[in-house]
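Asks: Handing you this structure, nothing more for now.
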Amino acid sequence: MNGLLSRAAIHSSQMLEPITQRRYLIPFKAARLPQQFTDVLVIGGGVAGLRAAIAAAAGGADVLILTKDTIDQSNTWYAQGGIAAVLQPLDSYASHVADTEKGGAGLCDHEAVEIVVKEGPERVLELLEYGANFDKQEGGSHGLAFTREGGHSFARIVHAFGDATGKELAQTLIRTVRGREQIRVSEQSFVIDLITDDSRCVGALALIDGSVQIIWAKCTILASGGAGQLYRESTNPKIATADGHAMAYRAGATLQDMEMVQFHPTTLYLAGSSRALITEAVRGEGAFLVDRHGHRFMPDYHEAAELAPRDVVSRAIVEQIRKTHYTHVYLDVRHLPLQEFRGRFPQLALLTDEFGMDVSKDLIPVHPAAHYMIGGVDADLQGRSSLNGLYAVGEAGCSGLHGANRLGSNSLLEGLAFGARAGADAAKAAKESRIIFPQALEHKVPDSTRTELDITDVKSSLRSVMWRNVGIERTGDRLEETREIIAFWSRYVMDKTFDASVSRDAAVAGWELQNMLTVCALIASAAYTRTESRGSHYRLDYPSRDDAHWRLHLLWRRPMETPIPEPID
C-alpha cells in the first residue's frame with residue numbers, strides 16, 4: 001500500500017463504522033411485498049438513464065424506469081451550457097481528448113475519454129433525428145451554432161434555446177422514451193435499496209404509490225444523478241441527495257474518486273434567491289469576472305483568464321473574495337451587445353429581469369456552488385460495476401472520463417455515450433440471463449437503542465459543515481473534524497428504521513439523510529486520505545500535485561473502512 005495512504009488509513013479506524021454496518025435501510029420479507037418483474041430496471045430519469053432505457057429497448061428488453069420525482073426533475077433538465085462534440089471539420093478528436101485529459105489532471109481513463117469523444121458526435125446527431133431543436137447558424141457544420149467553454153481549445157459546444165440545452169435534451173429523450181412500447185415509467189418512486197443475492201444485483205426495493213415494492217430485474221442500471229444537496233450552496237435540485245451512490249455502497253459495489261466534487265464558479269448570489277446557475281458559456285461569449293473594485297482578476301490567476309478550468313476559476317474567486325474582504329464577485333456583461341446577450345441567454349435575461357437588474361449597466365453578483373459529483377460507482381467501458389447485474393452511468397457512475405476535474409459540457413456527452421453503451425449491454429445480458437429471483441429473501445433490522453435526532457436539523461447542519469470544511473478549499477484538521485462530526489451523527493441516524501406507512505414524507509426525509517451521511521462520510525474520508533492537491537480536490541496544507549505518490553484512484557467498498565489504492569498505468 002502507498003506509504004502516505006497507509007498512514008492516513010490509521011486515522012480511519014471506526015470513522016466509517018456506522019455506515020459500513022448497515023446493509024438495507026428497512027426490514028423486509030420478499031414474499032410479503034408486492035412484486036414487479038422487468039428485464040432492465042433503470043433508476044433515474046436524466047440523460048444517462050433515458051438514453052440507457054432507449055438503448056435497452058432497442059436491444060429487445062422490457063424496461064422499467066423509476067424516477068424519484070417527476071421525470072422532468074433531474075440535473076439534466078437544469079443544465080444550461082450545452083453538449084461538447086467534435087462536429088466541425090477544423091476540430092479534432094485528438095484536440096477534445098487532449099483538452100479533457102488536461103482538465104482531468106492525470107486521473108482520466110484514456111480509453112473512456114476516447115470512447116466518449118469518438119462516439120459522442122453520433123449520439124448528438126441522433127438527437128437531431130429524435131427531434132431536438134439545437135440552435136442553428138447558417139453555414140455552420142450540420143447547420144448548428146457552436147460556442148466555447150472553459151478548458152476547451154475549440155468552439156465545440158452545441159446548445160439549445162440559448163441557455164436551456166438540458167431542458168431541450170431532456171424533453172427530447174422523454175418524448176422518445178414515451179414513444180417506446182417496451183418502456184414503462186414510474187414517477188414519484190423512491191428507490192430505497194438495491195437487492196442482492198449471491199453477490200449479484202437482482203433488482204431494488206422502492207416506495208411506489210405509497211407502498212414498498214420489490215422490482216425484480218435481470219439487470220439494473222443506476223442513473224440516479226448527483227450529490228449537490230450534500231452542500232449548503234448548490235446548483236442542483238432538491239432531489240440530488242446522492243441516493244444512488246449510497247445504495248450502491250450498501251450493496252457492495254466499489255466506489256471511486258469520491259473526493260472529487262466539482263464546484264461551479266458562477267451562481268447568482270442574491271439574498272433570498274436560490275443559487276441559480278449561470279452557465280460558463282456566458283464567459284465563453286466574452287463576459288468578465290470582476291471584484292468589488294471593478295478589477296478583472298482572472299488574468300492574474302491563469303493565462304486562459306475566464307476560460308480556465310472550473311476548479312481554477314472557483315479557487316480564484318474564493319481567493320479574490322478573501323483579498324477584497326467581501327462576500328462575492330461579479331460577472332460583467334455590460335460590454336456585450338444587449339439584444340445579442342438577451343437572445344443568446346434568454347434564461348439568464350429572465351433571471352436578471354426578475355431581480356430588477358439592467359445588465360447593460362449593472363454587474364451580476366456571483367459565487368461558486370457545488371455542482372457536479374465526479375466520483376461515483378466504479379464502472380467499466382460498458383457501464384458495468386463491480387457488482388454483477390449492476391450498471392452505473394451519469395453522475396452516479398465513475399467512468400474515468402473526467403479524472404479529477406470535469407470540463408464543461410462533457411457530462412451530457414458522457415450520459416449519452418455511456419447510457420447507450422450500458423443500455424445495449426444490459427439488454428444483451430438480460431436476454432442471456434437464467435437468473436432465478438430469490439422470492440424467500442428477507443432482512444431484519446435491530447431496534448435502535450439510541451435517542452432520535454431531529455432529521456431536518458441534522459440535514460441542515462450536515463450541509464453547512466460540508467460546505468465549510470469539505471468544499472473548494474480543504475485542510476487535514478477540518479476534514480478530520482468533519483469525519484468525527486459525521487460519525488457522531490451517523491451513530492444516532494444510521495441505526496434508525498423509517499416507516500413509510502406512518503408518514504411517507506418523514507420516511508423519505510430519513511432515508512435521504514441516511515444516504516447523505518453515508519456519502520458525506522466517504523467524500524470526507526477520501527479527501528482526508530488524499531494528501532495532495534489535484535483538479536477539483538484542493539488541500540491548503542498540501543497545495544502541490546504529487547504524481548509520485550498520488551497518481552492513483554481511491555476505491556471504497558463496504559465493509560472495508562480504508563480505501564484500496566489503484567495506480568494508473
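For the C-alpha cells, the naming scheme is as follows: chains receive sequential letters (A, B, ...) according to their order of presentation, residues are indexed from 1 within each chain, and ligands are indexed from 1 in presentation order.
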May I have a table of the residues of stretch 512-564 of chain A lying at most 9 Å from stretch 474-495 of chain A, giving each one's closest pair of atoms and their distance in Å to one decimal, counting only C-alpha atoms, ordered by chain and ascending residue number, as CSV?
Replies:
residue,atom,partner,partner_atom,distance
A:Leu513,CA,A:Val493,CA,8.0
A:Gln514,CA,A:Met494,CA,5.9
A:Leu517,CA,A:Ser490,CA,6.6
A:Thr518,CA,A:Ser490,CA,8.1
A:Cys520,CA,A:Ile486,CA,7.6
A:Ala521,CA,A:Arg483,CA,6.2
A:Leu522,CA,A:Arg483,CA,9.0
A:Ala524,CA,A:Leu479,CA,6.0
A:Ser525,CA,A:Arg483,CA,6.7
A:Ala527,CA,A:Leu479,CA,7.3
A:Tyr528,CA,A:Leu479,CA,5.7
A:Thr529,CA,A:Gly476,CA,8.7
A:Thr531,CA,A:Gly476,CA,8.1
A:His537,CA,A:Arg474,CA,7.9
A:Tyr538,CA,A:Arg474,CA,6.0
A:Arg539,CA,A:Arg474,CA,4.7
A:Leu540,CA,A:Thr475,CA,5.6
A:Asp541,CA,A:Thr475,CA,5.7
A:Tyr542,CA,A:Thr475,CA,8.1
Asks: Just the helix (DSSP H, G or I) stuff from stretch 4-103 of chain A, please, per backbone DSSP, written as a PyMOL selection string.
Replies: chain A and resi 4-10+17-20+30-32+47-58+75-78+93-103
Asks: Restricting it to C-alpha atoms, dump the selection as a PDB file, in the first residue's frame.
Replies:
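Output file again_9.pdb is given in full below:
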ATOM      1  CA  LEU A   4       1.124   8.022   2.620  1.00  0.00           C
ATOM      2  CA  LEU A   5      -2.122   6.134   2.170  1.00  0.00           C
ATOM      3  CA  SER A   6      -1.336   3.627   4.922  1.00  0.00           C
ATOM      4  CA  ARG A   7      -0.576   6.419   7.403  1.00  0.00           C
ATOM      5  CA  ALA A   8      -3.845   8.172   6.580  1.00  0.00           C
ATOM      6  CA  ALA A   9      -5.694   4.873   6.906  1.00  0.00           C
ATOM      7  CA  ILE A  10      -4.603   4.549  10.538  1.00  0.00           C
ATOM      8  CA  GLU A  17     -18.227   2.026  11.160  1.00  0.00           C
ATOM      9  CA  PRO A  18     -21.792   3.395  11.457  1.00  0.00           C
ATOM     10  CA  ILE A  19     -22.235   3.312   7.678  1.00  0.00           C
ATOM     11  CA  THR A  20     -20.348   0.091   6.956  1.00  0.00           C
ATOM     12  CA  ALA A  30     -39.812 -10.538  -0.211  1.00  0.00           C
ATOM     13  CA  ALA A  31     -42.742 -12.986  -0.261  1.00  0.00           C
ATOM     14  CA  ARG A  32     -44.981 -10.498   1.550  1.00  0.00           C
ATOM     15  CA  VAL A  47     -29.853  11.975 -19.799  1.00  0.00           C
ATOM     16  CA  ALA A  48     -27.918   8.816 -18.880  1.00  0.00           C
ATOM     17  CA  GLY A  49     -30.948   6.878 -17.650  1.00  0.00           C
ATOM     18  CA  LEU A  50     -33.191   7.883 -20.529  1.00  0.00           C
ATOM     19  CA  ARG A  51     -30.570   7.098 -23.159  1.00  0.00           C
ATOM     20  CA  ALA A  52     -29.861   3.758 -21.459  1.00  0.00           C
ATOM     21  CA  ALA A  53     -33.568   2.903 -21.494  1.00  0.00           C
ATOM     22  CA  ILE A  54     -33.832   3.704 -25.206  1.00  0.00           C
ATOM     23  CA  ALA A  55     -30.814   1.505 -25.980  1.00  0.00           C
ATOM     24  CA  ALA A  56     -32.084  -1.360 -23.807  1.00  0.00           C
ATOM     25  CA  ALA A  57     -35.484  -1.253 -25.508  1.00  0.00           C
ATOM     26  CA  ALA A  58     -33.778  -1.232 -28.913  1.00  0.00           C
ATOM     27  CA  ASN A  75     -29.766  17.678 -13.129  1.00  0.00           C
ATOM     28  CA  THR A  76     -30.051  17.197 -16.890  1.00  0.00           C
ATOM     29  CA  TRP A  77     -33.179  19.360 -17.051  1.00  0.00           C
ATOM     30  CA  TYR A  78     -31.360  22.280 -15.381  1.00  0.00           C
ATOM     31  CA  TYR A  93     -10.884  14.016 -31.689  1.00  0.00           C
ATOM     32  CA  ALA A  94      -7.255  14.430 -30.598  1.00  0.00           C
ATOM     33  CA  SER A  95      -7.917  18.013 -29.507  1.00  0.00           C
ATOM     34  CA  HIS A  96     -11.025  17.100 -27.489  1.00  0.00           C
ATOM     35  CA  VAL A  97      -9.208  14.160 -25.885  1.00  0.00           C
ATOM     36  CA  ALA A  98      -6.230  16.358 -25.005  1.00  0.00           C
ATOM     37  CA  ASP A  99      -8.449  19.074 -23.504  1.00  0.00           C
ATOM     38  CA  THR A 100     -10.353  16.525 -21.423  1.00  0.00           C
ATOM     39  CA  GLU A 101      -7.215  14.834 -20.120  1.00  0.00           C
ATOM     40  CA  LYS A 102      -5.504  18.119 -19.345  1.00  0.00           C
ATOM     41  CA  GLY A 103      -8.503  19.170 -17.305  1.00  0.00           C
TER      42      GLY A 103
END
Asks: Using only C-alpha atoms, I'd like a table of the residues in stretch 222-303 of chain A that come within 12 Å of stretch 341-349 of chain A; for each, show the closest atom pair and its distance in Å rounded to one decimal, ordered by chain and ascending number, as JSON lines.
Replies:
{"residue": "A:Thr266", "atom": "CA", "partner": "A:Leu348", "partner_atom": "CA", "distance": 12.0}
{"residue": "A:Thr267", "atom": "CA", "partner": "A:Leu348", "partner_atom": "CA", "distance": 10.8}
{"residue": "A:Leu268", "atom": "CA", "partner": "A:Leu348", "partner_atom": "CA", "distance": 9.7}
{"residue": "A:Ala276", "atom": "CA", "partner": "A:Leu348", "partner_atom": "CA", "distance": 9.2}
{"residue": "A:Leu277", "atom": "CA", "partner": "A:Leu348", "partner_atom": "CA", "distance": 8.8}
{"residue": "A:Ile278", "atom": "CA", "partner": "A:Leu348", "partner_atom": "CA", "distance": 6.9}
{"residue": "A:Thr279", "atom": "CA", "partner": "A:Leu348", "partner_atom": "CA", "distance": 8.7}
{"residue": "A:Glu280", "atom": "CA", "partner": "A:Phe345", "partner_atom": "CA", "distance": 11.1}
{"residue": "A:Ala281", "atom": "CA", "partner": "A:Phe345", "partner_atom": "CA", "distance": 9.0}
{"residue": "A:Val282", "atom": "CA", "partner": "A:Phe345", "partner_atom": "CA", "distance": 7.8}
{"residue": "A:Arg283", "atom": "CA", "partner": "A:Phe341", "partner_atom": "CA", "distance": 11.5}
{"residue": "A:Gly284", "atom": "CA", "partner": "A:Arg344", "partner_atom": "CA", "distance": 11.6}
{"residue": "A:Glu285", "atom": "CA", "partner": "A:Phe341", "partner_atom": "CA", "distance": 8.9}
{"residue": "A:Gly286", "atom": "CA", "partner": "A:Phe341", "partner_atom": "CA", "distance": 10.2}
{"residue": "A:Ala287", "atom": "CA", "partner": "A:Phe341", "partner_atom": "CA", "distance": 10.1}
Asks: Mind dumping the selected residues with C-alpha atoms as a PDB file, in the first residue's frame?
Replies:
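Okay, this is what ended up in again-v9.pdb:
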ATOM      1  CA  THR A 266     -20.759  31.253 -11.147  1.00  0.00           C
ATOM      2  CA  THR A 267     -24.135  31.037  -9.473  1.00  0.00           C
ATOM      3  CA  LEU A 268     -26.346  34.040  -8.815  1.00  0.00           C
ATOM      4  CA  ALA A 276     -29.305  29.763  -9.790  1.00  0.00           C
ATOM      5  CA  LEU A 277     -26.646  28.500 -12.196  1.00  0.00           C
ATOM      6  CA  ILE A 278     -25.116  30.978 -14.636  1.00  0.00           C
ATOM      7  CA  THR A 279     -23.600  28.945 -17.446  1.00  0.00           C
ATOM      8  CA  GLU A 280     -19.924  29.413 -18.202  1.00  0.00           C
ATOM      9  CA  ALA A 281     -20.947  29.871 -21.821  1.00  0.00           C
ATOM     10  CA  VAL A 282     -21.559  33.494 -20.760  1.00  0.00           C
ATOM     11  CA  ARG A 283     -17.831  33.751 -20.130  1.00  0.00           C
ATOM     12  CA  GLY A 284     -17.275  31.854 -23.361  1.00  0.00           C
ATOM     13  CA  GLU A 285     -19.102  34.649 -25.174  1.00  0.00           C
ATOM     14  CA  GLY A 286     -16.880  37.308 -23.591  1.00  0.00           C
ATOM     15  CA  ALA A 287     -18.130  38.118 -20.067  1.00  0.00           C
TER      16      ALA A 287
END
Asks: Out of A:Ala420, A:Tyr391, A:Asp163, A:Arg148, which residue has the shortest atom-to-atom distance to A:Val124 when counting only C-alpha atoms?
Replies: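 Answer, going by the shortest atom-to-atom distance: A:Ala420.
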Asks: Could you build a table of the residues in stretch 401-462 of chain A lying no more than 12 Å from stretch 105-121 of chain A, giving for each the nearest pair of atoms and their separation in Å rounded to one decimal place, using only C-alpha atoms, ordered by chain and ascending residue number, as a tab-separated table?
Replies:
residue	atom	partner	partner_atom	distance
A:Leu401	CA	A:Val113	CA	5.0
A:His402	CA	A:Cys108	CA	5.8
A:Gly403	CA	A:Cys108	CA	3.9
A:Ala404	CA	A:Leu107	CA	5.7
A:Asn405	CA	A:Ala105	CA	7.0
A:Arg406	CA	A:Ala105	CA	9.8
A:Leu407	CA	A:Ala105	CA	11.1
A:Ser409	CA	A:Gly120	CA	11.5
A:Asn410	CA	A:Val116	CA	8.7
A:Ser411	CA	A:Val116	CA	10.0
A:Leu412	CA	A:Gly120	CA	9.6
A:Leu413	CA	A:Gly120	CA	5.9
A:Glu414	CA	A:Val116	CA	6.0
A:Gly415	CA	A:Val116	CA	9.2
A:Leu416	CA	A:Gly120	CA	7.3
A:Ala417	CA	A:Val116	CA	5.7
A:Phe418	CA	A:Val116	CA	7.5
A:Gly419	CA	A:Val116	CA	10.7
A:Ala420	CA	A:Glu119	CA	9.9
A:Arg421	CA	A:Glu119	CA	10.0
Asks: Would you save the residues from that selection as a CSV table (one decimal), in the first residue's frame, using C-alpha atoms?
Replies:
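Generated file (result.csv):
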chain,number,residue,atom,x,y,z
A,401,LEU,CA,-13.8,10.3,-18.3
A,402,HIS,CA,-13.5,13.3,-16.0
A,403,GLY,CA,-10.5,12.3,-13.9
A,404,ALA,CA,-10.0,14.9,-11.2
A,405,ASN,CA,-12.0,17.7,-12.9
A,406,ARG,CA,-14.8,17.8,-15.4
A,407,LEU,CA,-14.7,20.0,-18.5
A,409,SER,CA,-20.5,20.2,-21.4
A,410,ASN,CA,-18.7,16.9,-21.2
A,411,SER,CA,-21.2,15.5,-18.7
A,412,LEU,CA,-24.2,15.4,-21.1
A,413,LEU,CA,-22.0,13.9,-23.7
A,414,GLU,CA,-20.9,11.2,-21.2
A,415,GLY,CA,-24.5,10.5,-20.3
A,416,LEU,CA,-25.4,9.9,-23.9
A,417,ALA,CA,-22.4,7.8,-24.8
A,418,PHE,CA,-22.3,5.6,-21.7
A,419,GLY,CA,-26.0,5.5,-21.4
A,420,ALA,CA,-26.2,4.0,-24.9
A,421,ARG,CA,-23.4,1.5,-24.1
Asks: Nearest to A:His367 among A:Ala379, A:Leu66, A:Ala240, A:Ile317, with distances taken over only C-alpha atoms: which residue is it?
Replies: A:Ile317
Asks: Quick one: residues within 10 Å of A:Phe498, only C-alpha atoms counted, chain neighbours fewer than 2 positions away excluded, as a ChimeraX atom specification?
Replies: /A:25-27,495-496,500-504,506-511
Asks: Please save C-alpha atoms of the selected residues as an mmCIF file, in the first residue's frame.
Replies:
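Written file, part.cif:
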data_model
loop_
_atom_site.group_PDB
_atom_site.id
_atom_site.type_symbol
_atom_site.label_atom_id
_atom_site.label_comp_id
_atom_site.auth_asym_id
_atom_site.auth_seq_id
_atom_site.Cartn_x
_atom_site.Cartn_y
_atom_site.Cartn_z
ATOM 1 C CA LEU A 25 -32.426 0.671 5.295
ATOM 2 C CA ILE A 26 -35.625 -1.269 6.005
ATOM 3 C CA PRO A 27 -36.550 -4.779 7.137
ATOM 4 C CA ASP A 495 -29.386 2.709 13.249
ATOM 5 C CA LYS A 496 -32.938 4.018 12.726
ATOM 6 C CA ALA A 500 -43.396 4.950 5.116
ATOM 7 C CA SER A 501 -46.734 3.543 6.345
ATOM 8 C CA VAL A 502 -46.613 6.048 9.204
ATOM 9 C CA SER A 503 -45.501 9.039 7.098
ATOM 10 C CA ARG A 504 -44.207 8.907 3.530
ATOM 11 C CA ALA A 506 -40.871 11.607 7.051
ATOM 12 C CA ALA A 507 -39.608 8.235 5.798
ATOM 13 C CA VAL A 508 -38.184 9.715 2.586
ATOM 14 C CA ALA A 509 -36.517 12.514 4.570
ATOM 15 C CA GLY A 510 -34.990 9.924 6.893
ATOM 16 C CA TRP A 511 -33.740 7.722 4.055
#
Asks: Using only C-alpha atoms, which of the listed residues (A:Glu432, A:Asp569, A:Asp257, A:Asp547) sits closest to A:Gly400?
Replies: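 Once distances to A:Gly400 are computed over only C-alpha atoms, the minimum belongs to A:Asp257.
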Asks: What residues in stretch 250-428 of chain A get the DSSP label strand (DSSP E or B)? Please answer as JSON, numbers by chain.
Replies: {"A": [255, 256, 261, 262, 263, 264, 265, 266, 267, 268, 277, 288, 289, 290, 296, 329, 330, 331, 332, 364, 365, 366, 367, 368, 369, 370, 371, 372, 373, 376, 377, 378, 384, 388, 390, 391, 392, 397, 398]}
Asks: Which one of A:Asp546, A:Glu181, A:Glu319, A:Asp353 sits closest to A:Gly60 if you count only C-alpha atoms?
Replies: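 Ranked by minimum distance to A:Gly60, first place goes to A:Glu181.
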Asks: Could you state the separation of atom CA of A:Thr497 and atom CA of A:Thr449 in Å, given to one decimal place?
Replies: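 Answer for the atom CA of A:Thr497 to atom CA of A:Thr449 separation: 11.6 Å.
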Asks: Can you pull out every residue within 8 Å of A:Gln320, counting only C-alpha atoms, but drop anything in the same chain fewer than 2 positions away, and send it as number ranges by chain?
Replies: A: 291, 297, 316-318, 322-324, 329
Asks: Do you know which residues are at most 7 Å from A:His264 counting only C-alpha atoms, after dropping those on the same chain fewer than 5 positions away, and could you put them as JSON, numbers by chain?
Replies: {"A": [310, 314, 368, 369, 370, 371]}
Asks: Would you kindly return, as a list in words, each protein, DNA or RNA residue with an atom no farther than 8 Å from any atom of stretch 135-143 of chain A, considering only C-alpha atoms and excluding same-chain residues fewer than 5 positions away?
Replies: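 Once the adjacent positions are removed, what remains is Leu87, Gln88, Pro89, Val158, His159, Ala160, Phe161 and Gly162 of chain A.
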Asks: Could you write those residues out with N, CA and C atoms, as a compact mmCIF listing (two decimals), in the first residue's frame?
Replies:
# COMPACT_ATOMS: atom_id res chain seq x y z
N LEU A 87 -17.81 18.11 -34.13
CA LEU A 87 -18.72 18.07 -35.27
C LEU A 87 -18.30 19.02 -36.40
N GLN A 88 -17.16 19.69 -36.22
CA GLN A 88 -16.71 20.64 -37.22
C GLN A 88 -15.39 20.16 -37.85
N PRO A 89 -15.20 20.43 -39.13
CA PRO A 89 -14.01 19.93 -39.84
C PRO A 89 -12.68 20.37 -39.23
N VAL A 158 -22.49 22.56 -28.63
CA VAL A 158 -23.80 22.81 -29.23
C VAL A 158 -24.77 23.13 -28.09
N HIS A 159 -25.77 23.96 -28.38
CA HIS A 159 -26.69 24.40 -27.34
C HIS A 159 -28.08 24.56 -27.91
N ALA A 160 -29.04 24.72 -27.01
CA ALA A 160 -30.44 24.83 -27.44
C ALA A 160 -31.14 25.96 -26.70
N PHE A 161 -31.91 26.75 -27.44
CA PHE A 161 -32.64 27.88 -26.87
C PHE A 161 -31.72 28.73 -26.00
N GLY A 162 -30.52 28.97 -26.52
CA GLY A 162 -29.54 29.80 -25.82
C GLY A 162 -28.92 29.08 -24.65
Asks: Do a neighbour search on stretch 305-307 of chain A at 7 Å with only C-alpha atoms, toss out local chain neighbours closer than 2 positions, and write the hits as a VMD selection string.
Replies: chain A and resid 149 to 151 283 to 284 288 to 289 298 to 299 302 to 303 309 313
Asks: So the first atom is atom CA of A:Arg450 and the second is atom CA of A:Val212; what is the distance between them in Å, to one decimal place?
Replies: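 So the answer is 25.5 Å.
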Asks: At what distance in Å, to one decimal, does atom CA of A:Tyr24 lie from atom CA of A:Glu452?
Replies: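 One can read the atom CA of A:Glu452 to atom CA of A:Tyr24 distance as 19.0 Å.
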